Each structure stands twice: as C-alpha cells, then as structure tokens.
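Right, one structure below, let's go through it.
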Amino acid sequence: MGRRRKGRPVDGVVVVDKPPGISSNDVVQRAKRLFDAQKVGHTGSLDPLATGVLPLCFGEATKFSRYLLNSDKKYWVRIQLGVRTDTGDSDGKVVASADATKVTQADLEAVLSAFRGEIDQIPSMFSAIKVNGQPLYKLARQGIEIERESRRITVFSNELVTFCGTTFELRIHCSKGTYIRTIAEDIGQALGCGAHVSALRRTAAGPYDEDDLITLDELASERENGSLDRFLQPISSTVRQWPVVQLSDNTAYYVRQGQPVIVAHAPTSGWVQLEEGTEQQTSRFLGVGEILDDGRVAPRRLVAS
C-alpha cells in the first residue's frame, strides 16, 4: 500500500506576485503550507531579485505545467550600465567597472536592434540549467565555470521605456528559455562598458498576466477567513489561449481510452482544449489534444476522471 500524501487534494492554478529576495521554490513551499495542499509546483523559476508573475500549479494542474514552461514570457527590466557583476544582476559581486556616461540613447537604440528577432544566447553560469543533474548556479557558487552551448531564442519585442544617464528600462516579450540577465550583459558588452540587471519583473507568463496576481500576504490573510480556494483558477486556464473542441459523451469515452476521434468543425491543425458536454449543457475540461494529419483529434494529456 502506497504512502498517503500529506495535505488535502487541491486542483487549479494560483498566480502569485513573487516578492523580491526569495526563491521561486520558497514561494512554492509557502503556498503549499497556506493551502495545506498535497502537490504544488511552479512553472519556470524567477531569480531571487525578480518579482511578478509566478503561476503555481496545484494537483492535477501540474500535468499541464509543461505548456506554461514552453510559453512566451514578458518582462520589465531596469539595466545599469558601466558595472559588470559575476551573476549579471545586482545580487552579484562587482567584477568590472567602466565609464558609461558617454553612452547616448541613440547608441543604445542602435544596439537594441541586434537583440530583436531570433538570436543565439549563451546561458549564464548563474542559471538553473542542469548539467549532469547539477544546476549551473551551484557550480558557479563553487567557482566552477563550464562551457555552455548557445541556444536559439526569439525576442518578439524589445521596447525602450526610459533612458536616464547610465540606466535604462526595457519591456521585453520573449520565447521560453530567454535569460534577461544575459541580454543585459550582452548589451553592455556591445556598448563597450558592461551592464547588469538592477531590477526585474515578469509581467506575463503564457496566458497569465498582472491582472491575475495575488500576493503571499493576501493569501495568508484569506486563509484566516477560510476562503483561499476562491483564488484557484481552473486547470483549463493553463491553456485558455488554445481553441476548444467540444466532445459528445460517446466521443469523450474513446478519448479517455487514449483513442483519436473525428470531431466535426474541429481545427485543422495544432493543439486544442478538450471539453465534454453534459446533458445539463455545461462543459467539463478533459485535457488537451493535438490535431493529427488526417484531421482526427488525439488526446495528449488528460485530467484524472
């Protein structure tokens, strides 16, 4: 007989406004205690320095966290010119300084154009990427640096918000796996003066943005009132930007068996939400599927029945 999980079964998504100074895992553990939940995980870590959108998946929603990990992200970042740190942000030790007072907004704008579209990026040694099961940042803290392969990322937009002396702010919309600190360092290198991130906020992750946010303090307060679960968004919200395919009871039966099905008026390609209509004319989220080349809808990930 398997060990019984501690806590209660909680399913859904809570989008926490991560505070500065703590890790994403700290947020997960606090939320898990507040909800007394059996299972919870985040969907892509934020550095301790960073704040903002951190979706937490509870229970059955963890099955769909991969789609959030693979989703686009949006950030606001403040970058300090003239100072390089070993971590690429203000939490690190200063390793070099240079005069950045001669850098103009025109200089910066010219450089920023090289950081739009598809670019190759070498991840920071202070990233959470694992090599042989060991996160790079743990190796970096031991003074170990290893060679990293560059990765192809996409910066959909990179907008200069303010430029003030040796600091500037950007709004960045980028693909998964983009490291903002690396963009800051590379911009500083291109300008010949070095740079680092002094403040960072994630403003969107996949379908979630700042309108969805709740703070840990607010959750703690609501726990006292016994109304925490009202902040749980449905599991389907993880893929709410995908088109919906409505299944009849009969078709849903075959989908639950893992079989592709023909559905009238379904999209012709891509990923979809799967919903089962009931006699009461309400719909139940079953999971996600993919349209095959022959037009059938194949189940890919389903919630527990």
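Chain labels run A, B, ... following the order of the structure tokens; each chain numbers its residues from 1, and ligands are numbered from 1 in the order shown.
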
Within 12 Å of Ala114 of chain A using only C-alpha atoms, minus same-chain residues under 6 positions, as a list of chain:residue names:
A:Leu108, A:Asp120, A:Thr154, A:Val155, A:Ser157, A:Asn158, A:Ile183, A:Asp186, A:Ile187, A:Ala190, A:Leu191

Selection: 12 Å around Arg301 of chain A, only C-alpha atoms, excl. self and same-chain fewer than 6 positions, as a list in words:
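With the cut-off at 12 Å, the set is Glu60, Ala61, Thr62, Lys63, Phe64, Ser65, Arg66, Tyr67, Ile235, Ser236, Val239, Val255, Arg256, Gln257, Gly258, Trp271, Val272, Gln273, Leu274, Phe285, Leu286, Gly287, Val288, Gly289 and Glu290 of chain A.
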
Could those residues be written to a file, using N, CA and C atoms, as a tab-separated table (two decimals), in the first residue's frame?
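See selection_15.tsv below for the written result:
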chain	number	residue	atom	x	y	z
A	60	GLU	N	-3.85	18.26	-10.05
A	60	GLU	CA	-3.98	17.84	-11.44
A	60	GLU	C	-3.42	18.88	-12.41
A	61	ALA	N	-3.37	20.13	-12.00
A	61	ALA	CA	-2.85	21.18	-12.89
A	61	ALA	C	-1.36	20.99	-13.18
A	62	THR	N	-0.64	20.26	-12.31
A	62	THR	CA	0.78	20.03	-12.55
A	62	THR	C	1.01	19.24	-13.84
A	63	LYS	N	0.00	18.48	-14.27
A	63	LYS	CA	0.12	17.73	-15.53
A	63	LYS	C	0.27	18.66	-16.73
A	64	PHE	N	-0.17	19.92	-16.57
A	64	PHE	CA	-0.19	20.85	-17.69
A	64	PHE	C	0.85	21.96	-17.55
A	65	SER	N	1.72	21.83	-16.52
A	65	SER	CA	2.72	22.87	-16.29
A	65	SER	C	3.72	22.97	-17.43
A	66	ARG	N	3.92	21.85	-18.16
A	66	ARG	CA	4.88	21.87	-19.28
A	66	ARG	C	4.49	22.90	-20.34
A	67	TYR	N	3.18	23.12	-20.50
A	67	TYR	CA	2.73	24.05	-21.52
A	67	TYR	C	3.00	25.50	-21.10
A	235	ILE	N	-8.02	24.40	-14.02
A	235	ILE	CA	-6.91	23.76	-14.72
A	235	ILE	C	-6.86	24.20	-16.18
A	236	SER	N	-8.04	24.36	-16.78
A	236	SER	CA	-8.11	24.75	-18.19
A	236	SER	C	-7.47	26.10	-18.47
A	239	VAL	N	-4.17	26.56	-20.53
A	239	VAL	CA	-4.15	26.54	-22.00
A	239	VAL	C	-5.34	27.33	-22.54
A	255	VAL	N	-11.87	9.08	-26.20
A	255	VAL	CA	-10.72	9.93	-25.88
A	255	VAL	C	-10.10	9.49	-24.56
A	256	ARG	N	-10.94	9.18	-23.59
A	256	ARG	CA	-10.41	8.72	-22.29
A	256	ARG	C	-9.64	7.39	-22.43
A	257	GLN	N	-9.96	6.62	-23.45
A	257	GLN	CA	-9.24	5.37	-23.70
A	257	GLN	C	-7.94	5.62	-24.48
A	258	GLY	N	-7.68	6.90	-24.77
A	258	GLY	CA	-6.47	7.25	-25.50
A	258	GLY	C	-6.58	7.17	-27.00
A	271	TRP	N	-2.75	22.42	-31.38
A	271	TRP	CA	-3.17	21.89	-30.08
A	271	TRP	C	-4.50	22.50	-29.66
A	272	VAL	N	-5.29	21.73	-28.93
A	272	VAL	CA	-6.64	22.18	-28.56
A	272	VAL	C	-6.98	21.77	-27.13
A	273	GLN	N	-7.93	22.49	-26.55
A	273	GLN	CA	-8.55	22.06	-25.30
A	273	GLN	C	-9.64	21.04	-25.63
A	274	LEU	N	-9.78	20.05	-24.77
A	274	LEU	CA	-10.83	19.06	-24.95
A	274	LEU	C	-11.88	19.23	-23.86
A	285	PHE	N	-13.75	20.20	-18.55
A	285	PHE	CA	-12.42	20.14	-19.14
A	285	PHE	C	-11.84	18.74	-18.97
A	286	LEU	N	-11.48	18.11	-20.09
A	286	LEU	CA	-10.91	16.76	-20.06
A	286	LEU	C	-9.39	16.76	-20.15
A	287	GLY	N	-8.85	17.77	-20.82
A	287	GLY	CA	-7.40	17.82	-21.02
A	287	GLY	C	-7.08	18.48	-22.34
A	288	VAL	N	-5.97	18.08	-22.93
A	288	VAL	CA	-5.54	18.70	-24.18
A	288	VAL	C	-5.29	17.63	-25.24
A	289	GLY	N	-5.43	18.04	-26.49
A	289	GLY	CA	-5.21	17.13	-27.59
A	289	GLY	C	-4.51	17.82	-28.74
A	290	GLU	N	-4.17	17.04	-29.75
A	290	GLU	CA	-3.48	17.56	-30.92
A	290	GLU	C	-4.18	17.05	-32.17

Got a sec to tell me which of segment 9-60 of chain A DSSP assigns to strand (DSSP E or B), as a PyMOL selection string?
chain A and resi 12-18+37+40-42+51-58

Using the selection just defined, write its residues with C-alpha atoms as a PDB file, in the first residue's frame.
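Generated output (result-v8.pdb):
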ATOM      1  CA  GLY A  12      -6.020  24.539 -10.054  1.00  0.00           C
ATOM      2  CA  VAL A  13      -3.649  27.448 -10.606  1.00  0.00           C
ATOM      3  CA  VAL A  14      -2.736  30.391  -8.386  1.00  0.00           C
ATOM      4  CA  VAL A  15      -0.728  33.210  -9.964  1.00  0.00           C
ATOM      5  CA  VAL A  16       1.465  34.627  -7.222  1.00  0.00           C
ATOM      6  CA  ASP A  17       3.120  38.034  -7.327  1.00  0.00           C
ATOM      7  CA  LYS A  18       6.569  36.815  -6.331  1.00  0.00           C
ATOM      8  CA  ALA A  37      -2.027  21.137  -0.463  1.00  0.00           C
ATOM      9  CA  VAL A  40       2.197  22.079  -5.984  1.00  0.00           C
ATOM     10  CA  GLY A  41       4.927  23.274  -8.337  1.00  0.00           C
ATOM     11  CA  HIS A  42       5.963  26.412 -10.187  1.00  0.00           C
ATOM     12  CA  THR A  51       9.261  39.913  -8.867  1.00  0.00           C
ATOM     13  CA  GLY A  52       6.000  39.316 -10.671  1.00  0.00           C
ATOM     14  CA  VAL A  53       4.024  36.611 -12.409  1.00  0.00           C
ATOM     15  CA  LEU A  54       4.748  33.150 -10.987  1.00  0.00           C
ATOM     16  CA  PRO A  55       1.982  30.645 -11.804  1.00  0.00           C
ATOM     17  CA  LEU A  56       1.731  27.796  -9.298  1.00  0.00           C
ATOM     18  CA  CYS A  57       0.085  24.556 -10.403  1.00  0.00           C
ATOM     19  CA  PHE A  58      -1.773  22.531  -7.774  1.00  0.00           C
TER      20      PHE A  58
END

Have a look at A:Gln80, A:Leu200, A:Ser150, A:Gln142 and name the one nearest to Gly21 of chain A; count only C-alpha atoms.
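The closest residue to Gly21 of chain A is A:Leu200.
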
Just how far from atom CA of Ile291 of chain A is atom CA of Glu276 of chain A, in Å to one decimal?
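Value for the atom CA of Glu276 of chain A-atom CA of Ile291 of chain A distance: 16.9 Å.
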
Which residues come within 12 Å of Ser127 of chain A, counting only C-alpha atoms, excluding same-chain residues fewer than 2 positions away, as number ranges by chain?
A: 44-48, 86-89, 122-125, 129-131, 134-141, 145, 148, 177-182

Pairwise distance for atom CA of Ser90 of chain A and atom CA of Val197 of chain A, rounded to one decimal in Å
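Interatomic distance here is 6.2 Å.
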
Could you please write out, as a PyMOL selection string, every residue of segment 159-218 of chain A that DSSP assigns to alpha helix (DSSP H)?
chain A and resi 180-191+216-218

Point out the residue among A:Gln29, A:Asn132, A:Thr162, A:Gln189 with the least atom-to-atom distance to Gly82 of chain A, counting only C-alpha atoms.
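Closest to Gly82 of chain A of all the choices is A:Gln189.
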
Within 10 Å of Ala100 of chain A using only C-alpha atoms, minus same-chain residues under 3 positions, as a list of chain:residue names:
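My list of contacting residues is A:Gln80, A:Leu81, A:Gly82, A:Val83, A:Ser97, A:Val103, A:Thr104, A:Gly165, A:Thr166, A:Thr167, A:Gly188, A:Leu191, A:Gly192, A:Cys193, A:Gly194, A:Ala195.
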
Which polymer residues have any atom within 9 Å of an atom of Gly277 of chain A, counting only C-alpha atoms, with same-chain residues fewer than 3 positions away left out, as a list in words?
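Contacts, with the query itself left out: Gln246, Leu247, Ser248, Asp249, Ala252, Gln280, Gln281, Thr282, Ser283 and Arg284 of chain A.
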
Once you have the residues from the selection above, write them out as a compact mmCIF listing (two decimals), in the first residue's frame, restricted to C-alpha atoms.
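The resulting part_38.txt:
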# COMPACT_ATOMS: atom_id res chain seq x y z
CA GLN A 246 -16.39 20.05 -27.75
CA LEU A 247 -16.82 16.28 -27.38
CA SER A 248 -20.04 14.33 -27.03
CA ASP A 249 -20.33 11.76 -24.21
CA ALA A 252 -15.25 11.58 -24.86
CA GLN A 280 -27.06 19.80 -18.43
CA GLN A 281 -25.40 21.73 -21.29
CA THR A 282 -22.36 22.53 -19.17
CA SER A 283 -18.85 21.56 -20.21
CA ARG A 284 -16.11 19.72 -18.36
